[in-house]
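Visitor: Attaching a single structure in structure tokens format; questions to follow.
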Amino acid sequence: MTYYEKKPEKKFFEKTLDDYRDSVWGCARCNWCQNQWGWNVKSAEFSEICPAFHEYRIFPYSGMGKMHMARALLEGDFSYEDAPEMVQFLYTCTTCGACEMNCQRIQDKEPLQVNETLRAKFVSDGIGPMPEHKRLIKSVKNYDNPWMQPRAQRDRWARKIGIKDISKEKADTLYFVGCTSSFDNTLWKVAQNTAKIMMHGGADLGILGKNENCCGSPLARIGDRETFVQIAKKNIELLNTCGAKEIVTFCPGCYRALMHDYKEIPGVPPLEAKVYHSAEYIDSMIQEGKIKIPGELKKRVTWHDPCHLGRHCGIYEPPRNILKAIPGIELVEMERIKDQSWCCGGGGGARTAFMEFAQKTAHKRISEAQKTGAQAIVTSCPFCEQNIGDALNKSDDGMEIYDLTDMLIRVLDL
Ligand code: SF4
Ligand code: SF4
């Protein structure tokens with residue numbers, strides 16, 4: 001190879017820090033990874049975009065800081081022994097992708113990819129992840145879910161709703177439910193409502209039941225690539241042989257894993273079925289007249305864009321379309337929305353290892369929602385609902401949180 005031949009592009013899960021050498025050297029220290037676009041700013045209070053930097057106020061917590069840590073490690077400017085705090089800097093990040101979104105647009109660098117590649121290096125060097133993450137990894141290895149719950153309990157949410165088990169009965173559409181909604185009984189209603197609405201719209205729906213596995217997203221985000229790749233391979237084989245032509249999930253973490261992360265593993269076959277998030281699937285059903293909305297719901301609500309659904313996967317309009325299609329709903333927007341949205345604080349392993357930081361970040365989102373005059377925050381992510389919901393439970397904000405399907409099911413004849 002001569003110096004002017006372009007190196008073949010690698011898939012994300014085979015990249016090492018060395019593949020980002022040019023990128024980390026090219027960081028301009030411009031701070032776009034910490035702030036909203038100037039033209040988007042409506043107030044000083046909600047002008048920032050990186051929850052970690054906003055909370056800790058020193059640069060190693062920002063996207064820019066991760067670029068400089070990576071550069072220093074690559075060039076041998078410091079070692080793990082020089083800065084043991086590096087593990088905390090790396091993992092106090094929700095992988096919200098705000099830094100990546102802004103940097104890509106203006107500087108074409110990849111601070112979040114660098115952060116996740118640093119995490120993978122820390123894990124393979126035995127420096128990371130945090131002890132709480134190690135327990136999560138052990139649980140996924142032993143129970144196929146991060147919540148240390150027995151596999152036999154995975155389909156409890158589905159009893160009494162008359163949904164097919166695809167391993168016993170053929171179905172065109174697989175509903176991939178995800179671990180959090182399968183095992184957290186406060187979220188069963190969301191899993192059930194999503195299934196009921198899609199079946200009401202005519203979907204021939206089935207689930208994997210006890211055979212469903214973790215999608216592997218938490219492992220990908222905390223840097224355990226080896227376990228993530230093993231799980232992804234197992235899932236691809238299961239999903240490609242289950243007979244479904246399409247897969248729908250309501251968990252943005254699962255959606256990103258199935259839609260994007262699996263494609264970034266070298267040497268594995270692609271998923272044969274088309275993958276949808278339930279918001280886009282249900283929105284299409286409404287647009288096509290398969291779901292009619294006879295009722296009315298008088299409520300002033302604001303939409304919280306889950307990072308893994310919005311910034312990571314580009315789904316902004318379908319959930320808003322669903323809310324706008326419900327008579328009586330008034331949708332009012334927060335200052336930071338869509339690709340400039342503020343994270344709930346729960347993602348990327350932050351809630352698992354740094355609960356206080358996760359909850360403070362959620363409280364900031366609640367303040368922003370309150371400024372709109374909305375009665376409720378609506379979202380479509382089990383982690384956002386858990387993290388914002390916990391923050392609401394500990395406050396007297398008077399605000400409520402709902403899943404998108406909680407709103408829709410109330411106005412349908414079901
Ligand atoms: S990571 Fe990107 S946005 Fe942040 S300071 Fe560096 S070049 Fe600017
Ligand atoms: S992913 Fe989010 S929390 Fe992490 S450094 Fe980037 S902007 Fe900050």
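Ordering of the structure tokens sets the chain letters (A, B, ...), residue numbers begin anew at 1 in every chain, and ligands are numbered from 1 in the order given.
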Compile a residue-level contact table for chain A against ligand 1 at a cut-off of 9 Å, reporting for every qualifying residue the shortest atom pair and its distance in Å to one decimal, with only C-alpha atoms and all ligand atoms counted, rows ordered by chain and ascending number, as a tab-separated table.

Guide:
```
residue	atom	partner	partner_atom_place_in_ligand_line	distance
A:Ser23	CA	ligand 1	7 (S)	8.5
A:Val24	CA	ligand 1	6 (Fe)	7.7
A:Gly26	CA	ligand 1	7 (S)	6.7
A:Cys27	CA	ligand 1	6 (Fe)	3.7
A:Ala28	CA	ligand 1	7 (S)	4.3
A:Arg29	CA	ligand 1	5 (S)	3.5
A:Cys30	CA	ligand 1	8 (Fe)	4.0
A:Asn31	CA	ligand 1	5 (S)	4.2
A:Trp32	CA	ligand 1	3 (S)	4.1
A:Cys33	CA	ligand 1	3 (S)	4.1
A:Gln34	CA	ligand 1	4 (Fe)	7.0
A:Asn35	CA	ligand 1	3 (S)	9.0
A:Ser62	CA	ligand 1	4 (Fe)	7.8
A:Gly63	CA	ligand 1	1 (S)	5.3
A:Met64	CA	ligand 1	1 (S)	4.0
A:Gly65	CA	ligand 1	1 (S)	7.6
A:Lys66	CA	ligand 1	1 (S)	7.9
A:Met67	CA	ligand 1	1 (S)	6.2
A:His68	CA	ligand 1	6 (Fe)	8.5
A:Cys99	CA	ligand 1	3 (S)	6.4
A:Glu100	CA	ligand 1	2 (Fe)	7.3
A:Met101	CA	ligand 1	3 (S)	8.8
A:Asn102	CA	ligand 1	3 (S)	6.2
A:Cys103	CA	ligand 1	3 (S)	3.9
A:Gln104	CA	ligand 1	2 (Fe)	7.2
A:Arg105	CA	ligand 1	3 (S)	8.8
A:Ile106	CA	ligand 1	3 (S)	7.2
A:Gln107	CA	ligand 1	7 (S)	5.3
A:Asp108	CA	ligand 1	2 (Fe)	7.3
A:Lys109	CA	ligand 1	2 (Fe)	5.5
A:Glu110	CA	ligand 1	1 (S)	6.9
A:Pro111	CA	ligand 1	1 (S)	5.2
A:Leu112	CA	ligand 1	1 (S)	8.7
```

Visitor: I need the residues from that last selection saved to file as a CSV table (one decimal), in the first residue's frame (with C-alpha atoms), if you can.

Guide:
```csv
chain,number,residue,atom,x,y,z
A,23,SER,CA,-9.4,12.1,14.4
A,24,VAL,CA,-8.1,12.6,17.9
A,26,GLY,CA,-7.6,16.8,14.7
A,27,CYS,CA,-9.8,17.8,17.6
A,28,ALA,CA,-10.0,21.6,17.4
A,29,ARG,CA,-11.0,22.2,21.0
A,30,CYS,CA,-13.9,24.2,19.6
A,31,ASN,CA,-16.4,23.0,22.3
A,32,TRP,CA,-19.2,22.4,19.9
A,33,CYS,CA,-19.5,19.0,21.7
A,34,GLN,CA,-20.6,20.7,24.9
A,35,ASN,CA,-23.0,23.3,23.6
A,62,SER,CA,-16.7,16.0,27.8
A,63,GLY,CA,-16.5,14.5,24.3
A,64,MET,CA,-13.5,16.7,23.7
A,65,GLY,CA,-11.8,15.4,26.9
A,66,LYS,CA,-12.2,11.8,25.7
A,67,MET,CA,-10.5,12.7,22.4
A,68,HIS,CA,-7.5,14.1,24.3
A,99,CYS,CA,-21.0,15.4,21.2
A,100,GLU,CA,-20.9,13.1,18.2
A,101,MET,CA,-23.9,14.7,16.5
A,102,ASN,CA,-22.4,18.3,16.8
A,103,CYS,CA,-18.8,17.4,16.1
A,104,GLN,CA,-19.7,15.3,13.0
A,105,ARG,CA,-21.6,18.2,11.6
A,106,ILE,CA,-19.0,20.8,12.0
A,107,GLN,CA,-15.6,19.1,12.5
A,108,ASP,CA,-16.2,15.6,11.2
A,109,LYS,CA,-14.7,13.8,14.2
A,110,GLU,CA,-16.2,11.0,16.3
A,111,PRO,CA,-15.9,11.7,20.1
A,112,LEU,CA,-18.5,9.1,21.1
```

Visitor: Could you pull out the helix (DSSP H, G or I) residues of stretch 136-250 of chain A, going by DSSP on the backbone, and write them as a PyMOL selection string?

Guide: chain A and resi 136-143+151-153+156-158+179-183+188-200+209-211+217-222+225-241

Visitor: Using only C-alpha atoms, what table do you get, as a Markdown table, when you list each residue of stretch 120-236 of chain A with an atom no more than 10 Å from stretch 267-286 of chain A, its nearest pair of atoms, and their distance in Å rounded to one decimal, rows by chain then rising number?

Guide:
```
| residue | atom | partner | partner_atom | distance |
| --- | --- | --- | --- | --- |
| A:Asp172 | CA | A:Ala273 | CA | 9.8 |
| A:Thr173 | CA | A:Ala273 | CA | 9.0 |
| A:Leu174 | CA | A:Ala273 | CA | 9.2 |
| A:Tyr175 | CA | A:Ser278 | CA | 9.0 |
| A:Phe176 | CA | A:Val275 | CA | 9.9 |
| A:Thr194 | CA | A:Ser278 | CA | 7.3 |
| A:Ala195 | CA | A:Ser278 | CA | 9.2 |
| A:Ile197 | CA | A:Ile282 | CA | 7.7 |
| A:Met198 | CA | A:Ile282 | CA | 6.6 |
| A:His200 | CA | A:Met285 | CA | 9.8 |
| A:Gly201 | CA | A:Met285 | CA | 6.3 |
| A:Gly202 | CA | A:Met285 | CA | 8.7 |
| A:Ala203 | CA | A:Met285 | CA | 9.4 |
| A:Val229 | CA | A:Val268 | CA | 9.3 |
| A:Ala232 | CA | A:Val268 | CA | 8.9 |
| A:Lys233 | CA | A:Val268 | CA | 6.9 |
| A:Asn235 | CA | A:Leu271 | CA | 9.3 |
| A:Ile236 | CA | A:Leu271 | CA | 6.0 |
```

Visitor: Using only C-alpha atoms, which residues sit within 12 Å of A:Glu317 once same-chain residues fewer than 3 positions away are excluded, as JSON, numbers by chain?

Guide: {"A": [279, 280, 283, 284, 303, 304, 305, 309, 310, 313, 314, 320, 321, 322, 323, 324, 337, 338, 339]}

Visitor: Report as a list in words all protein, DNA and RNA residues lying within 8 Å of stretch 378-382 of chain A, evaluated on only C-alpha atoms, omitting residues in the same chain fewer than 6 positions from it.

Guide: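 Near stretch 378-382 of chain A, the qualifying residues are Thr180, Ser181, Leu187, Phe250, Cys251, Pro252, Ala279, Val301, Thr302, Trp303, His304, Asp305, Pro306, Ile401, Tyr402, Asp403 and Leu404 of chain A.
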
Visitor: Name the residues of stretch 217-355 of chain A that fall into strand (DSSP E) according to DSSP on the backbone, using the chain letters and numbers of this document, as a ChimeraX atom specification.

Guide: /A:246-249,274-277,299-303,329-331

Visitor: Can I get the selected residues back with N, CA and C atoms, as a JSON list (two decimals), in the first residue's frame?

Guide:
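Just written: out_24.json:
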```json
[["chain", "number", "residue", "atom", "x", "y", "z"],
["A", 246, "GLU", "N", -40.57, -9.40, 9.47],
["A", 246, "GLU", "CA", -40.21, -8.10, 10.04],
["A", 246, "GLU", "C", -40.10, -8.22, 11.56],
["A", 247, "ILE", "N", -39.30, -7.33, 12.13],
["A", 247, "ILE", "CA", -39.10, -7.33, 13.58],
["A", 247, "ILE", "C", -39.44, -5.93, 14.09],
["A", 248, "VAL", "N", -40.25, -5.88, 15.16],
["A", 248, "VAL", "CA", -40.58, -4.58, 15.76],
["A", 248, "VAL", "C", -40.15, -4.60, 17.22],
["A", 249, "THR", "N", -39.53, -3.53, 17.65],
["A", 249, "THR", "CA", -39.18, -3.42, 19.07],
["A", 249, "THR", "C", -39.55, -2.03, 19.56],
["A", 274, "LYS", "N", -36.80, -7.07, 8.13],
["A", 274, "LYS", "CA", -36.70, -5.62, 8.24],
["A", 274, "LYS", "C", -37.00, -5.22, 9.69],
["A", 275, "VAL", "N", -36.25, -4.27, 10.20],
["A", 275, "VAL", "CA", -36.40, -3.89, 11.63],
["A", 275, "VAL", "C", -37.09, -2.53, 11.74],
["A", 276, "TYR", "N", -38.08, -2.45, 12.64],
["A", 276, "TYR", "CA", -38.80, -1.19, 12.89],
["A", 276, "TYR", "C", -38.81, -0.87, 14.37],
["A", 277, "HIS", "N", -38.85, 0.42, 14.68],
["A", 277, "HIS", "CA", -39.23, 0.80, 16.04],
["A", 277, "HIS", "C", -40.76, 0.88, 16.07],
["A", 299, "LYS", "N", -55.04, 16.58, 27.06],
["A", 299, "LYS", "CA", -53.80, 16.65, 27.85],
["A", 299, "LYS", "C", -52.77, 17.49, 27.13],
["A", 300, "ARG", "N", -52.04, 18.28, 27.91],
["A", 300, "ARG", "CA", -50.93, 19.06, 27.36],
["A", 300, "ARG", "C", -49.65, 18.27, 27.65],
["A", 301, "VAL", "N", -48.98, 17.84, 26.61],
["A", 301, "VAL", "CA", -47.82, 16.97, 26.83],
["A", 301, "VAL", "C", -46.61, 17.50, 26.07],
["A", 302, "THR", "N", -45.43, 17.01, 26.53],
["A", 302, "THR", "CA", -44.20, 17.33, 25.81],
["A", 302, "THR", "C", -43.49, 16.02, 25.49],
["A", 303, "TRP", "N", -42.82, 15.97, 24.36],
["A", 303, "TRP", "CA", -42.16, 14.74, 23.92],
["A", 303, "TRP", "C", -40.68, 14.78, 24.29],
["A", 329, "ILE", "N", -54.99, 16.03, 22.38],
["A", 329, "ILE", "CA", -53.59, 16.17, 22.85],
["A", 329, "ILE", "C", -53.00, 17.46, 22.30],
["A", 330, "GLU", "N", -52.41, 18.23, 23.20],
["A", 330, "GLU", "CA", -51.67, 19.42, 22.76],
["A", 330, "GLU", "C", -50.18, 19.15, 22.99],
["A", 331, "LEU", "N", -49.42, 19.09, 21.90],
["A", 331, "LEU", "CA", -47.99, 18.82, 22.01],
["A", 331, "LEU", "C", -47.22, 20.14, 22.09]]
```

Visitor: Determine, for each residue of stretch 239-340 of chain A having at least one atom at most 12 Å from an atom of stretch 205-215 of chain A, the closest pair of atoms and their separation in Å to one decimal, counting only C-alpha atoms; order by chain and ascending number, as a Markdown table.

Guide:
```
| residue | atom | partner | partner_atom | distance |
| --- | --- | --- | --- | --- |
| A:Leu239 | CA | A:Leu208 | CA | 9.1 |
| A:Thr241 | CA | A:Leu208 | CA | 11.5 |
| A:Cys242 | CA | A:Leu208 | CA | 8.4 |
| A:Gly243 | CA | A:Gly206 | CA | 10.3 |
| A:Ala244 | CA | A:Gly206 | CA | 8.5 |
| A:Lys245 | CA | A:Leu205 | CA | 10.7 |
| A:Glu246 | CA | A:Leu205 | CA | 9.7 |
| A:Ile247 | CA | A:Leu205 | CA | 9.4 |
| A:Val248 | CA | A:Leu205 | CA | 9.3 |
| A:Thr249 | CA | A:Ile207 | CA | 10.5 |
| A:Cys251 | CA | A:Cys215 | CA | 10.1 |
| A:Pro252 | CA | A:Cys215 | CA | 10.9 |
| A:Gly253 | CA | A:Cys215 | CA | 8.1 |
| A:Cys254 | CA | A:Cys215 | CA | 5.6 |
| A:Tyr255 | CA | A:Cys215 | CA | 8.8 |
| A:Arg256 | CA | A:Cys215 | CA | 9.5 |
| A:Ala257 | CA | A:Cys215 | CA | 6.5 |
| A:Leu258 | CA | A:Cys215 | CA | 7.4 |
| A:Met259 | CA | A:Cys215 | CA | 11.0 |
| A:His260 | CA | A:Cys215 | CA | 11.9 |
| A:Asp261 | CA | A:Cys215 | CA | 10.0 |
| A:Tyr262 | CA | A:Cys215 | CA | 9.6 |
```

Visitor: Would you kindly return, as an NGL selection string, each protein, DNA or RNA residue with an atom no farther than 10 Å from any atom of A:Cys343, considering only C-alpha atoms and excluding same-chain residues fewer than 2 positions away?

Guide: :A and (49-51 or 94-98 or 304-308 or 336-337 or 340-341 or 345-347 or 358 or 361-362 or 364-365 or 384)

Visitor: Limited to C-alpha atoms, could you put the picked residues into a file as a PDB file, in the first residue's frame?

Guide:
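Everything below was put into result.pdb:
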```pdb
ATOM      1  CA  ILE A  49     -25.807  19.552  25.541  1.00  0.00           C
ATOM      2  CA  CYS A  50     -23.322  17.268  27.376  1.00  0.00           C
ATOM      3  CA  PRO A  51     -24.784  16.034  30.689  1.00  0.00           C
ATOM      4  CA  THR A  94     -24.573   8.440  29.014  1.00  0.00           C
ATOM      5  CA  THR A  95     -23.457   7.712  25.417  1.00  0.00           C
ATOM      6  CA  CYS A  96     -26.173  10.207  24.482  1.00  0.00           C
ATOM      7  CA  GLY A  97     -24.317  11.032  21.274  1.00  0.00           C
ATOM      8  CA  ALA A  98     -24.804  14.795  21.520  1.00  0.00           C
ATOM      9  CA  HIS A 304     -38.786  13.586  25.289  1.00  0.00           C
ATOM     10  CA  ASP A 305     -36.593  12.251  22.446  1.00  0.00           C
ATOM     11  CA  PRO A 306     -34.772   9.130  23.716  1.00  0.00           C
ATOM     12  CA  CYS A 307     -31.128   9.505  22.588  1.00  0.00           C
ATOM     13  CA  HIS A 308     -30.885   5.994  21.162  1.00  0.00           C
ATOM     14  CA  ARG A 336     -33.803  21.142  23.443  1.00  0.00           C
ATOM     15  CA  ILE A 337     -35.376  18.694  21.026  1.00  0.00           C
ATOM     16  CA  GLN A 340     -30.217  18.821  20.154  1.00  0.00           C
ATOM     17  CA  SER A 341     -32.218  17.005  22.817  1.00  0.00           C
ATOM     18  CA  GLY A 345     -29.292  10.584  32.139  1.00  0.00           C
ATOM     19  CA  GLY A 346     -29.927   6.841  32.185  1.00  0.00           C
ATOM     20  CA  GLY A 347     -28.028   5.448  29.190  1.00  0.00           C
ATOM     21  CA  ALA A 358     -28.241   9.971  36.259  1.00  0.00           C
ATOM     22  CA  THR A 361     -29.597  14.789  34.706  1.00  0.00           C
ATOM     23  CA  ALA A 362     -33.222  13.595  34.765  1.00  0.00           C
ATOM     24  CA  LYS A 364     -32.747  18.941  34.609  1.00  0.00           C
ATOM     25  CA  ARG A 365     -34.952  17.421  31.893  1.00  0.00           C
ATOM     26  CA  CYS A 384     -35.923   7.062  30.005  1.00  0.00           C
TER      27      CYS A 384
END
```

Visitor: Using atom CA of A:Ala72 and atom CA of A:Ser47 as the two end points, give the distance in Å to one decimal.

Guide: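 Taking atom CA of A:Ala72 and atom CA of A:Ser47, their separation equals 29.7 Å.
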
Visitor: Within 12 Å of A:Asp396, counting only C-alpha atoms, which residues qualify if same-chain residues fewer than 5 places away don't, as a PyMOL selection string?

Guide: chain A and resi 363+366-367+370+390-391

Visitor: Smallest atom-to-atom distance to ligand 2: which of A:Arg351, A:Glu335, A:Pro318, A:Asn185, using only C-alpha atoms and all ligand atoms?

Guide: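 For ligand 2, the nearest of the given residues is A:Arg351.
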
Visitor: Do you have the atom CA of A:Lys360-atom CA of A:Glu132 distance handy?

Guide: 19.1 Å

Visitor: Under the rule that only C-alpha atoms are counted, which of A:Asp125, A:Glu169, A:Asp224, A:Glu75 is the nearest residue to A:Val140?

Guide: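 Closest to A:Val140, using only C-alpha atoms: A:Asp224.
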